[in-house]
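The next block is upload_4.cif, given as mmCIF, C-alpha atoms.
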data_final
loop_
_atom_site.label_atom_id
_atom_site.label_comp_id
_atom_site.auth_asym_id
_atom_site.auth_seq_id
_atom_site.Cartn_x
_atom_site.Cartn_y
_atom_site.Cartn_z
CA MET A 17 -27.49 5.39 89.23
CA ASP A 18 -29.16 3.72 86.24
CA GLY A 19 -25.78 3.53 84.55
CA LEU A 20 -24.29 1.66 87.50
CA ARG A 21 -27.18 -0.78 87.50
CA ALA A 22 -26.65 -1.36 83.78
CA LEU A 23 -22.97 -2.01 84.45
CA GLU A 24 -23.86 -4.42 87.25
CA GLY A 25 -26.26 -6.27 84.96
CA THR A 26 -23.67 -6.41 82.17
CA ILE A 27 -21.01 -7.90 84.44
CA ASP A 28 -23.48 -10.43 85.85
CA HIS A 29 -24.48 -11.47 82.36
CA ILE A 30 -20.88 -11.95 81.20
CA ARG A 31 -20.03 -14.00 84.30
CA LYS A 32 -22.97 -16.31 83.56
CA ALA A 33 -22.72 -16.51 79.78
CA ALA A 34 -18.92 -16.69 79.50
CA PRO A 35 -17.36 -17.40 82.90
CA ASN A 36 -13.75 -17.41 81.69
CA THR A 37 -13.91 -13.99 80.06
CA VAL A 38 -11.52 -11.40 81.45
CA ILE A 39 -13.49 -8.24 82.30
CA LEU A 40 -11.56 -5.00 82.20
CA GLY A 41 -12.96 -1.87 83.85
CA ASP A 42 -11.76 1.17 81.90
CA ALA A 43 -12.35 3.67 84.70
CA LYS A 44 -8.94 5.42 84.56
CA ARG A 45 -8.94 5.88 88.32
CA GLY A 46 -6.15 7.83 89.93
CA ASP A 47 -5.94 9.34 93.38
CA ILE A 48 -3.46 9.73 96.22
CA GLY A 49 -2.27 6.91 98.48
CA SER A 50 -4.90 7.46 101.17
CA THR A 51 -7.88 7.33 98.77
CA ALA A 52 -6.66 4.87 96.17
CA PRO A 53 -7.31 1.73 98.30
CA ALA A 54 -11.02 2.57 98.29
CA TYR A 55 -11.02 2.89 94.50
CA ALA A 56 -9.08 -0.37 94.16
CA LYS A 57 -11.53 -2.12 96.46
CA ALA A 58 -14.47 -0.76 94.47
CA MET A 59 -13.05 -1.94 91.16
CA PHE A 60 -11.79 -5.36 92.23
CA GLN A 61 -14.02 -6.38 95.15
CA VAL A 62 -17.30 -4.52 94.66
CA TRP A 63 -17.45 -4.64 90.86
CA GLY A 64 -15.26 -7.69 90.51
CA PHE A 65 -13.25 -6.54 87.51
CA ASP A 66 -10.30 -8.75 86.58
CA ALA A 67 -8.30 -5.78 85.34
CA VAL A 68 -8.59 -1.99 85.35
CA THR A 69 -7.13 1.08 83.73
CA VAL A 70 -5.49 3.64 86.01
CA ASN A 71 -4.13 7.16 85.74
CA ALA A 72 -0.58 7.50 87.09
CA TRP A 73 -0.51 11.31 87.37
CA GLY A 74 -0.35 11.01 91.19
CA GLY A 75 2.63 8.65 91.07
CA TYR A 76 3.43 5.31 92.59
CA ASP A 77 1.67 5.61 95.96
CA GLY A 78 -1.69 5.98 94.23
CA LEU A 79 -1.04 2.90 92.08
CA GLU A 80 0.25 0.60 94.79
CA PRO A 81 -3.18 -0.48 96.16
CA PHE A 82 -4.21 -1.60 92.66
CA LEU A 83 -1.03 -3.63 92.19
CA GLU A 84 -1.18 -5.68 95.39
CA ASP A 85 -3.07 -8.68 94.02
CA PRO A 86 -0.96 -10.38 91.31
CA ALA A 87 -4.15 -11.98 89.94
CA ARG A 88 -5.58 -8.57 88.93
CA GLY A 89 -4.27 -6.64 85.94
CA VAL A 90 -3.53 -2.93 86.00
CA PHE A 91 -3.18 -0.99 82.75
CA ILE A 92 -1.47 2.36 83.24
CA TRP A 93 -2.62 5.08 80.81
CA CYS A 94 0.68 5.72 79.08
CA ARG A 95 -0.04 7.38 75.71
CA GLY A 96 -3.67 7.85 74.79
CA SER A 97 -5.37 7.74 71.43
CA ASN A 98 -7.03 11.16 71.78
CA PRO A 99 -5.48 14.37 70.39
CA GLY A 100 -5.10 15.93 73.87
CA SER A 101 -2.88 13.08 75.02
CA ALA A 102 -0.06 14.93 73.26
CA ASP A 103 -0.42 17.92 75.62
CA LEU A 104 1.43 16.33 78.54
CA GLN A 105 2.36 12.79 77.46
CA ASP A 106 4.53 13.89 74.53
CA LEU A 107 6.50 16.53 76.42
CA THR A 108 10.24 15.95 76.49
CA VAL A 109 11.48 15.29 80.01
CA ASN A 110 15.07 15.29 81.19
CA THR A 111 16.04 11.99 82.80
CA LEU A 112 19.28 10.42 83.96
CA ASP A 113 19.38 8.76 80.52
CA GLY A 114 18.91 12.03 78.69
CA PRO A 115 15.82 13.70 77.24
CA ILE A 116 12.95 11.37 76.33
CA PRO A 117 9.19 11.78 75.78
CA LEU A 118 7.20 11.65 79.00
CA TYR A 119 5.17 8.60 77.90
CA GLN A 120 8.42 6.67 77.42
CA HIS A 121 9.60 7.72 80.87
CA LEU A 122 6.31 6.48 82.30
CA ALA A 123 6.68 3.16 80.44
CA ARG A 124 10.14 2.71 81.97
CA SER A 125 8.83 3.65 85.41
CA ALA A 126 6.00 1.14 85.02
CA ASP A 127 8.55 -1.54 84.23
CA GLY A 128 10.28 -0.71 87.53
CA TRP A 129 6.98 -0.77 89.45
CA ASN A 130 6.02 -4.17 88.01
CA ARG A 131 7.10 -6.32 90.97
CA ASN A 132 3.95 -8.47 90.77
CA GLY A 133 4.08 -8.83 87.01
CA ASN A 134 0.54 -7.50 86.63
CA ILE A 135 1.14 -4.13 84.95
CA GLY A 136 0.19 -3.35 81.38
CA LEU A 137 0.12 -0.08 79.47
CA VAL A 138 -2.60 1.75 77.56
CA MET A 139 -1.11 2.81 74.23
CA GLY A 140 -3.28 4.44 71.58
CA ALA A 141 -3.46 2.96 68.09
CA THR A 142 -3.45 6.40 66.53
CA ASN A 143 0.36 6.69 66.80
CA PRO A 144 1.93 3.37 65.71
CA ASP A 145 5.47 4.77 66.03
CA GLN A 146 4.92 5.50 69.71
CA LEU A 147 3.37 2.08 70.14
CA ALA A 148 6.45 0.46 68.59
CA ASP A 149 8.75 2.52 70.85
CA VAL A 150 6.93 1.36 73.96
CA ARG A 151 6.83 -2.24 72.76
CA SER A 152 10.61 -2.18 72.43
CA LEU A 153 11.01 -0.57 75.90
CA CYS A 154 8.66 -3.13 77.50
CA PRO A 155 8.96 -6.27 75.36
CA HIS A 156 6.86 -8.49 77.62
CA MET A 157 4.17 -6.16 78.89
CA PRO A 158 0.55 -6.48 77.76
CA LEU A 159 -0.50 -3.39 75.81
CA LEU A 160 -4.14 -2.30 75.77
CA ILE A 161 -4.63 -0.53 72.47
CA PRO A 162 -7.65 1.73 71.96
CA GLY A 163 -8.18 3.93 68.94
CA VAL A 164 -8.96 1.56 66.08
CA GLY A 165 -12.44 1.92 64.64
CA ALA A 166 -14.20 5.11 65.68
CA GLN A 167 -10.93 6.94 66.38
CA GLY A 168 -9.33 6.07 63.05
CA GLY A 169 -6.21 4.11 64.03
CA ASP A 170 -5.09 1.57 61.44
CA LEU A 171 -5.67 -1.98 62.68
CA ALA A 172 -2.72 -3.68 60.95
CA ASP A 173 -0.32 -0.98 62.16
CA ALA A 174 -1.63 -1.37 65.70
CA VAL A 175 -1.39 -5.16 65.74
CA LEU A 176 2.08 -5.28 64.19
CA ALA A 177 3.53 -2.48 66.34
CA GLY A 178 1.83 -3.63 69.53
CA MET A 179 2.32 -7.41 69.54
CA ASP A 180 5.25 -9.01 71.34
CA ARG A 181 7.77 -11.19 69.47
CA ASN A 182 5.34 -14.10 69.66
CA GLY A 183 2.51 -12.10 68.17
CA ARG A 184 0.71 -11.84 71.50
CA ARG A 185 0.00 -9.34 74.32
CA ALA A 186 -1.54 -6.68 72.12
CA LEU A 187 -5.11 -6.21 73.36
CA ILE A 188 -6.89 -4.39 70.57
CA ASN A 189 -9.83 -2.51 72.02
CA SER A 190 -12.88 -1.37 70.10
CA SER A 191 -15.61 0.24 72.19
CA ARG A 192 -17.81 2.45 70.08
CA GLY A 193 -17.15 0.29 66.99
CA ILE A 194 -18.91 -2.60 68.75
CA ILE A 195 -21.42 -1.17 71.22
CA TYR A 196 -22.73 1.32 68.65
CA ALA A 197 -22.63 -1.14 65.73
CA ARG A 198 -25.65 -0.62 63.46
CA PRO A 199 -27.58 -3.31 61.66
CA GLU A 200 -27.41 -3.23 57.85
CA PRO A 201 -29.92 -0.76 56.40
CA GLY A 202 -33.05 -2.58 55.27
CA GLY A 203 -32.06 -5.72 57.19
CA SER A 204 -33.07 -6.83 60.67
CA GLN A 205 -33.03 -4.24 63.42
CA ASP A 206 -31.15 -6.57 65.75
CA PHE A 207 -28.54 -4.36 67.44
CA ALA A 208 -27.17 -7.21 69.55
CA ALA A 209 -26.50 -9.26 66.42
CA ALA A 210 -24.85 -6.24 64.79
CA ALA A 211 -22.53 -5.83 67.81
CA ARG A 212 -21.70 -9.51 67.71
CA GLN A 213 -20.89 -9.29 64.02
CA ALA A 214 -18.69 -6.24 64.54
CA ALA A 215 -16.76 -8.04 67.28
CA ALA A 216 -16.36 -11.21 65.21
CA ARG A 217 -15.23 -9.18 62.19
CA LEU A 218 -12.59 -7.38 64.24
CA ARG A 219 -11.36 -10.69 65.72
CA ASP A 220 -11.10 -12.22 62.25
CA GLN A 221 -9.22 -9.19 60.93
CA ILE A 222 -6.74 -9.37 63.83
CA ASN A 223 -6.19 -13.08 63.30
CA ARG A 224 -5.65 -12.56 59.58
CA ILE A 225 -3.02 -9.89 60.28
CA LEU A 226 -1.26 -12.21 62.73
CA THR A 227 -1.39 -15.11 60.27
CA ASP A 228 0.00 -12.97 57.47
CA ALA A 229 2.84 -11.99 59.83
CA GLY A 230 3.56 -15.65 60.57
CA LYS A 231 2.21 -15.30 64.11
CA GLY A 232 -1.17 -16.95 63.68
CA TRP A 233 -2.76 -19.48 66.00
CA LEU A 234 -2.50 -22.37 63.54
CA MET B 6 -23.79 1.67 96.15
CA ASP B 7 -24.17 2.56 99.83
CA GLY B 8 -21.37 5.09 99.44
CA LEU B 9 -23.18 6.82 96.59
CA ARG B 10 -26.37 6.99 98.63
CA ALA B 11 -24.41 8.52 101.52
CA LEU B 12 -22.97 11.09 99.12
CA GLU B 13 -26.44 11.86 97.80
CA GLY B 14 -27.74 12.29 101.34
CA THR B 15 -24.80 14.53 102.27
CA ILE B 16 -25.32 16.81 99.28
CA ASP B 17 -29.09 17.01 99.95
CA HIS B 18 -28.42 17.91 103.56
CA ILE B 19 -25.95 20.69 102.68
CA ARG B 20 -28.34 22.16 100.09
CA LYS B 21 -31.06 22.33 102.73
CA ALA B 22 -29.00 23.40 105.76
CA ALA B 23 -26.71 25.88 103.98
CA PRO B 24 -28.04 26.66 100.51
CA ASN B 25 -25.25 29.08 99.56
CA THR B 26 -22.41 26.67 100.28
CA VAL B 27 -20.20 25.84 97.33
CA ILE B 28 -19.94 22.03 97.05
CA LEU B 29 -16.79 20.71 95.45
CA GLY B 30 -16.63 17.11 94.23
CA ASP B 31 -13.05 15.88 94.56
CA ALA B 32 -13.40 13.03 92.09
CA LYS B 33 -10.24 13.75 90.02
CA ARG B 34 -11.99 12.64 86.84
CA GLY B 35 -10.01 12.48 83.64
CA ASP B 36 -10.83 10.74 80.39
CA ILE B 37 -10.67 11.36 76.66
CA GLY B 38 -12.84 13.79 74.73
CA SER B 39 -15.50 11.23 73.82
CA THR B 40 -16.08 10.03 77.40
CA ALA B 41 -15.44 13.20 79.39
CA PRO B 42 -18.85 14.80 78.60
CA ALA B 43 -20.54 11.92 80.45
CA TYR B 44 -18.32 12.44 83.50
CA ALA B 45 -18.95 16.21 83.39
CA LYS B 46 -22.69 15.62 83.17
CA ALA B 47 -22.53 13.20 86.10
CA MET B 48 -20.63 15.63 88.29
CA PHE B 49 -22.51 18.82 87.44
CA GLN B 50 -26.02 17.68 86.43
CA VAL B 51 -26.59 14.38 88.23
CA TRP B 52 -24.70 15.13 91.44
CA GLY B 53 -25.07 18.88 91.17
CA PHE B 54 -21.57 19.82 92.32
CA ASP B 55 -20.64 23.49 91.96
CA ALA B 56 -17.01 22.64 91.30
CA VAL B 57 -14.92 19.54 90.67
CA THR B 58 -11.34 18.37 90.60
CA VAL B 59 -10.04 16.91 87.35
CA ASN B 60 -6.97 15.06 86.14
CA ALA B 61 -5.39 16.65 83.06
CA TRP B 62 -3.20 13.69 82.01
CA GLY B 63 -5.35 13.24 78.88
CA GLY B 64 -4.91 16.89 77.84
CA TYR B 65 -7.27 19.63 76.82
CA ASP B 66 -9.94 17.66 74.96
CA GLY B 67 -10.79 15.72 78.11
CA LEU B 68 -11.10 18.94 80.14
CA GLU B 69 -13.16 20.93 77.69
CA PRO B 70 -16.58 19.43 78.63
CA PHE B 71 -15.99 20.39 82.26
CA LEU B 72 -15.07 23.97 81.35
CA GLU B 73 -18.10 24.81 79.21
CA ASP B 74 -20.29 26.28 81.95
CA PRO B 75 -18.60 29.41 83.38
CA ALA B 76 -20.72 29.01 86.55
CA ARG B 77 -18.99 25.72 87.46
CA GLY B 78 -15.47 25.62 88.82
CA VAL B 79 -12.81 23.18 87.62
CA PHE B 80 -9.70 22.54 89.71
CA ILE B 81 -6.94 20.87 87.72
CA TRP B 82 -4.71 18.57 89.78
CA CYS B 83 -1.41 20.42 89.30
CA ARG B 84 0.96 19.35 92.11
CA GLY B 85 -0.43 17.01 94.73
CA SER B 86 0.30 16.74 98.42
CA ASN B 87 1.19 13.02 98.33
CA PRO B 88 4.78 11.76 97.98
CA GLY B 89 4.07 10.09 94.62
CA SER B 90 3.06 13.39 93.06
CA ALA B 91 6.78 14.01 92.62
CA ASP B 92 7.10 11.01 90.27
CA LEU B 93 5.68 12.76 87.21
CA GLN B 94 4.69 16.27 88.31
CA ASP B 95 8.20 17.33 89.33
CA LEU B 96 9.94 16.09 86.19
CA THR B 97 11.77 18.77 84.26
CA VAL B 98 10.24 19.33 80.83
CA ASN B 99 11.74 21.23 77.94
CA THR B 100 9.48 24.02 76.75
CA LEU B 101 9.83 26.95 74.40
CA ASP B 102 10.73 29.00 77.49
CA GLY B 103 13.41 26.55 78.59
CA PRO B 104 13.35 23.70 81.10
CA ILE B 105 10.73 23.95 83.87
CA PRO B 106 9.03 21.50 86.23
CA LEU B 107 6.04 19.76 84.67
CA TYR B 108 3.60 21.12 87.28
CA GLN B 109 4.63 24.66 86.32
CA HIS B 110 4.13 23.85 82.65
CA LEU B 111 0.66 22.55 83.49
CA ALA B 112 -0.11 25.71 85.48
CA ARG B 113 0.85 27.83 82.46
CA SER B 114 -1.20 25.62 80.16
CA ALA B 115 -4.18 25.95 82.50
CA ASP B 116 -3.85 29.71 82.32
CA GLY B 117 -4.09 29.45 78.54
CA TRP B 118 -7.12 27.11 78.71
CA ASN B 119 -8.97 29.46 81.10
CA ARG B 120 -11.19 31.18 78.55
CA ASN B 121 -14.25 31.00 80.82
CA GLY B 122 -12.38 32.11 83.92
CA ASN B 123 -13.49 29.03 85.85
CA ILE B 124 -10.20 27.13 86.22
CA GLY B 125 -8.38 26.69 89.51
CA LEU B 126 -5.45 24.48 90.45
CA VAL B 127 -4.94 21.81 93.10
CA MET B 128 -1.63 22.56 94.82
CA GLY B 129 -0.52 20.54 97.83
CA ALA B 130 0.36 22.29 101.10
CA THR B 131 3.27 19.94 101.66
CA ASN B 132 5.56 21.92 99.35
CA PRO B 133 5.07 25.66 100.06
CA ASP B 134 7.85 26.66 97.63
CA GLN B 135 5.99 25.01 94.75
CA LEU B 136 2.78 26.64 95.93
CA ALA B 137 4.47 30.04 95.87
CA ASP B 138 5.86 29.38 92.38
CA VAL B 139 2.42 28.56 91.02
CA ARG B 140 0.84 31.53 92.79
CA SER B 141 3.31 33.81 91.02
CA LEU B 142 2.66 32.12 87.65
CA CYS B 143 -1.14 32.37 88.10
CA PRO B 144 -1.69 35.42 90.33
CA HIS B 145 -5.48 35.43 90.06
CA MET B 146 -6.37 31.73 89.98
CA PRO B 147 -8.11 30.03 92.91
CA LEU B 148 -5.84 27.40 94.44
CA LEU B 149 -7.32 24.39 96.20
CA ILE B 150 -4.78 23.38 98.82
CA PRO B 151 -4.95 19.92 100.39
CA GLY B 152 -2.32 18.51 102.72
CA VAL B 153 -2.68 20.45 105.96
CA GLY B 154 -3.75 18.38 108.94
CA ALA B 155 -3.43 14.63 108.40
CA GLN B 156 -0.78 15.03 105.71
CA GLY B 157 1.43 17.35 107.75
CA GLY B 158 1.61 20.54 105.67
CA ASP B 159 2.12 23.72 107.69
CA LEU B 160 -1.01 25.86 107.70
CA ALA B 161 0.64 29.29 107.88
CA ASP B 162 3.05 28.40 105.06
CA ALA B 163 0.13 27.19 102.93
CA VAL B 164 -2.02 30.27 103.54
CA LEU B 165 0.79 32.76 102.99
CA ALA B 166 2.18 31.02 99.89
CA GLY B 167 -1.24 30.25 98.41
CA MET B 168 -3.21 33.46 98.90
CA ASP B 169 -3.39 36.11 96.18
CA ARG B 170 -2.21 39.69 96.80
CA ASN B 171 -5.48 40.46 98.53
CA GLY B 172 -5.16 37.50 100.88
CA ARG B 173 -7.87 35.54 99.05
CA ARG B 174 -8.30 32.63 96.60
CA ALA B 175 -6.45 30.07 98.70
CA LEU B 176 -8.94 27.32 99.51
CA ILE B 177 -7.42 25.38 102.37
CA ASN B 178 -8.82 21.88 102.38
CA SER B 179 -8.91 19.54 105.35
CA SER B 180 -10.69 16.24 104.78
CA ARG B 181 -9.54 13.63 107.26
CA GLY B 182 -8.78 16.31 109.88
CA ILE B 183 -12.49 17.14 109.94
CA ILE B 184 -14.44 14.02 108.98
CA TYR B 185 -12.34 11.84 111.28
CA ALA B 186 -12.20 14.37 114.13
CA ARG B 187 -12.46 12.59 117.49
CA PRO B 188 -14.25 13.87 120.58
CA GLU B 189 -12.05 14.66 123.61
CA PRO B 190 -11.27 11.49 125.58
CA GLY B 191 -13.61 11.20 128.56
CA GLY B 192 -15.94 13.85 127.14
CA SER B 193 -19.08 13.45 125.06
CA GLN B 194 -18.98 10.96 122.22
CA ASP B 195 -20.52 13.43 119.79
CA PHE B 196 -18.56 12.96 116.54
CA ALA B 197 -20.59 15.57 114.67
CA ALA B 198 -19.72 18.19 117.29
CA ALA B 199 -16.07 17.18 117.11
CA ALA B 200 -16.08 17.64 113.32
CA ARG B 201 -17.75 21.02 113.71
CA GLN B 202 -15.14 22.07 116.25
CA ALA B 203 -12.29 20.92 114.01
CA ALA B 204 -13.71 22.92 111.10
CA ALA B 205 -14.24 26.04 113.23
CA ARG B 206 -10.75 25.77 114.69
CA LEU B 207 -9.20 25.56 111.21
CA ARG B 208 -11.25 28.54 110.01
CA ASP B 209 -10.15 30.60 113.03
CA GLN B 210 -6.52 29.65 112.48
CA ILE B 211 -6.70 30.68 108.82
CA ASN B 212 -8.33 33.99 109.72
CA ARG B 213 -5.69 34.66 112.37
CA ILE B 214 -2.90 34.04 109.84
CA LEU B 215 -4.58 36.39 107.37
CA THR B 216 -5.09 39.06 110.04
CA ASP B 217 -1.45 38.82 111.15
CA ALA B 218 -0.45 39.29 107.51
CA GLY B 219 -2.61 42.41 107.27
CA LYS B 220 -5.11 40.61 105.01
CA GLY B 221 -7.89 39.92 107.52
CA TRP B 222 -11.58 40.45 106.97
CA LEU B 223 -11.88 43.35 109.44
#
In structure tokens, how does this file's structure come out?
Amino acid sequence: MDGLRALEGTIDHIRKAAPNTVILGDAKRGDIGSTAPAYAKAMFQVWGFDAVTVNAWGGYDGLEPFLEDPARGVFIWCRGSNPGSADLQDLTVNTLDGPIPLYQHLARSADGWNRNGNIGLVMGATNPDQLADVRSLCPHMPLLIPGVGAQGGDLADAVLAGMDRNGRRALINSSRGIIYARPEPGGSQDFAAAARQAAARLRDQINRILTDAGKGWL
Amino acid sequence: MDGLRALEGTIDHIRKAAPNTVILGDAKRGDIGSTAPAYAKAMFQVWGFDAVTVNAWGGYDGLEPFLEDPARGVFIWCRGSNPGSADLQDLTVNTLDGPIPLYQHLARSADGWNRNGNIGLVMGATNPDQLADVRSLCPHMPLLIPGVGAQGGDLADAVLAGMDRNGRRALINSSRGIIYARPEPGGSQDFAAAARQAAARLRDQINRILTDAGKGWL
């Protein structure tokens, strides 16, 4: 349970050091309707995450308990950044609107489930075309975009394909690129400073891409 | 973390009281290839489960770390017992062999991934026709069958549709029917005895169904 204690300490630290930060728990939970409320309670009440990732394989009844509180965000794993995500998510399914890839069907379903306006989608950066498809299906939904950095997705492609028409709502996620950031060889061995630098560098890169696209903050 | 301590205590107790019991952790874990090894380690090394349930939404690379040890069983959530399982799992997908339901495609994929012979499938009891379809696609695979009891699936249908040709490899699961078993009104208030009785009654019913089908133990 050391890992859980580390998580607890991390959340406590963020709440103290930066109280307005949104904390997202990427636990990809997914279970049936009778068990899901316990997972939702654990993520939102026990851990206190502001948003979570979920796995929709079990369908709507397993998602419903996560969606109840409009103040908590729920990112449905739609099309992942890993190679295996193609195995099921890219299959062609027959729908009333004709054959479409499964991840697109899920994006449309999510749009229908979004009664509280708190659903987002996880869309990997490794396939910008798919990201663009989902952005056009769900023009207003926040997209959580893993896969830049360690997984090799191109940052500019991800930002430009994932942002909404105002240049917002694309949450670019880097995990290993930041938590495993290494200090410069020969320099200080300050891993915390290296992580901070990696995060700041990524933020600056994103802002530069948005500015170049005429969607900057200024 | 009280729940985790209760789980730890439960596992310890089973190991002491019934050392040969197979303990299955129904955690439905599923994540990408870089994170899945940590979940597999948690389930098999830290908790010491003999078998687990997993969620295959992320495809093969997320399953691989669970499959490495041929001595540990891995039940892939194929077609659940909850209503929402229809949302994605029953979609018709186009495959090289023509259009088939997604859960059947996953069952076939699982058969192909089963190099270590340690894969089983979770198949809900609430749809015996689907159970029979998967049993014919995967004649030798263990099937973990939730949905009898609290969820209303018929036990005889589940046993007969789920068993292999020898009357084996159908693991009928009752969770709430046993852990929430209530003592007879007016009788003793011994909840442990009530759970024991519920488990014994289910076992006897299963054995009677197998015997009636000519597949009994005697």
Margin query: For the PyMOL selection byres ((chain A) within 10 of (chain B)), applied here, can you spell out every residue it catches as a ChimeraX atom specification?
Written below: /A:17,20-21,42-50,58,62,71-79,93-105,107-111,115-118,121-122,125,167,192
Is it possible to get the axis-aligned box enclosing segment 158-177 of chain A (all listed atoms, 4 Å extra per side) as lines of an AutoDock Vina configuration file, with centre and edge lengths in Å rounded to one decimal?
center_x = -5.3
center_y = 0.2
center_z = 69.4
size_x = 25.7
size_y = 21.4
size_z = 24.8
Notebook entry, point to check: If the PyMOL selection byres ((chain A and resi 212) around 12) is run on the structure shown, which residues does it catch, given as number ranges by chain?
Noted result: A: 193-199, 206-211, 213-219
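Between atom CA of Asn123 of chain B and atom CA of Ala76 of chain B the interatomic distance comes to 7.3 Å.
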Notebook entry, point to check: Just so the selection is clear, what residues does the PyMOL selection byres ((chain A and resi 137) around 7) cover here, as a PyMOL selection string?
Noted result: chain A and resi 91-94+135-136+138-139+158-160
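Residue nearest Ile161 of chain A, chosen from A:Asp180, A:Asn189, A:Thr142, A:Gln221 and counting all atoms listed in the file: A:Asn189.
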Note to self: Taking (10.8, -0.5, 69.7) as a centre in this file's frame and 12 Å as the limit, can you find every polymer residue with an atom that close, using all atoms listed in the file, and give them as JSON, numbers by chain?
What the structure shows: {"A": [120, 144, 145, 146, 147, 148, 149, 150, 151, 152, 153, 154, 155, 156, 176, 177, 178, 179, 180, 181]}
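The interatomic distance for the pair atom CA of Leu23 of chain A and atom CA of Gly140 of chain A works out to 24.4 Å.
Atom to atom, atom CA of Thr58 of chain B and atom CA of Gly78 of chain B stand 8.5 Å apart.
By only C-alpha atoms, and with residues fewer than 5 positions from Ile28 of chain B along its chain excluded, the set lying at most 9 Å from it is Ile16, Ile19, Arg20, Gly53, Phe54, Asp55, Ala56 and Val57 of chain B.
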Keeping only C-alpha atoms, take the residues you just selected and write them out as a short mmCIF file (atom, residue, chain, number, x, y, z; two decimals), keeping the file's coordinate frame.
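Saved to again-v7.cif:
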data_model
loop_
_atom_site.label_atom_id
_atom_site.label_comp_id
_atom_site.auth_asym_id
_atom_site.auth_seq_id
_atom_site.Cartn_x
_atom_site.Cartn_y
_atom_site.Cartn_z
CA ILE B 16 -25.32 16.81 99.28
CA ILE B 19 -25.95 20.69 102.68
CA ARG B 20 -28.34 22.16 100.09
CA GLY B 53 -25.07 18.88 91.17
CA PHE B 54 -21.57 19.82 92.32
CA ASP B 55 -20.64 23.49 91.96
CA ALA B 56 -17.01 22.64 91.30
CA VAL B 57 -14.92 19.54 90.67
#
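Proximity of A:Leu226, A:Val38, A:Ala56, A:Val90 to Ala172 of chain A, computed with all atoms listed in the file, is greatest for A:Leu226.
If all atoms listed in the file are the atoms counted, then among B:Pro42, B:Phe49, B:Asp217, B:Ala22 the closest residue to Pro70 of chain B is B:Pro42.
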Can you complete the atoms of segment 208-218 of chain B to N, CA, C and O atoms and list them as a compact mmCIF listing (two decimals), in the frame of the given file?
# COMPACT_ATOMS: atom_id res chain seq x y z
N ARG B 208 -10.84 27.24 110.54
CA ARG B 208 -11.25 28.54 110.01
C ARG B 208 -10.63 29.68 110.84
O ARG B 208 -10.09 30.64 110.29
N ASP B 209 -10.70 29.55 112.17
CA ASP B 209 -10.15 30.60 113.03
C ASP B 209 -8.65 30.74 112.84
O ASP B 209 -8.11 31.86 112.82
N GLN B 210 -7.98 29.60 112.70
CA GLN B 210 -6.52 29.65 112.48
C GLN B 210 -6.19 30.36 111.18
O GLN B 210 -5.28 31.19 111.11
N ILE B 211 -6.94 30.03 110.13
CA ILE B 211 -6.70 30.68 108.82
C ILE B 211 -6.93 32.18 108.95
O ILE B 211 -6.11 32.99 108.49
N ASN B 212 -8.03 32.57 109.60
CA ASN B 212 -8.33 33.99 109.72
C ASN B 212 -7.27 34.73 110.54
O ASN B 212 -6.94 35.88 110.26
N ARG B 213 -6.74 34.03 111.56
CA ARG B 213 -5.69 34.66 112.37
C ARG B 213 -4.42 34.90 111.54
O ARG B 213 -3.79 35.95 111.61
N ILE B 214 -4.09 33.90 110.71
CA ILE B 214 -2.90 34.04 109.84
C ILE B 214 -3.10 35.20 108.87
O ILE B 214 -2.19 36.02 108.66
N LEU B 215 -4.30 35.30 108.30
CA LEU B 215 -4.58 36.39 107.37
C LEU B 215 -4.53 37.75 108.08
O LEU B 215 -4.00 38.73 107.55
N THR B 216 -5.09 37.80 109.28
CA THR B 216 -5.09 39.06 110.04
C THR B 216 -3.66 39.47 110.37
O THR B 216 -3.27 40.64 110.19
N ASP B 217 -2.86 38.52 110.83
CA ASP B 217 -1.45 38.82 111.15
C ASP B 217 -0.69 39.32 109.92
O ASP B 217 0.27 40.08 110.05
N ALA B 218 -1.11 38.86 108.74
CA ALA B 218 -0.45 39.29 107.51
C ALA B 218 -1.06 40.58 106.96
O ALA B 218 -0.71 41.02 105.86
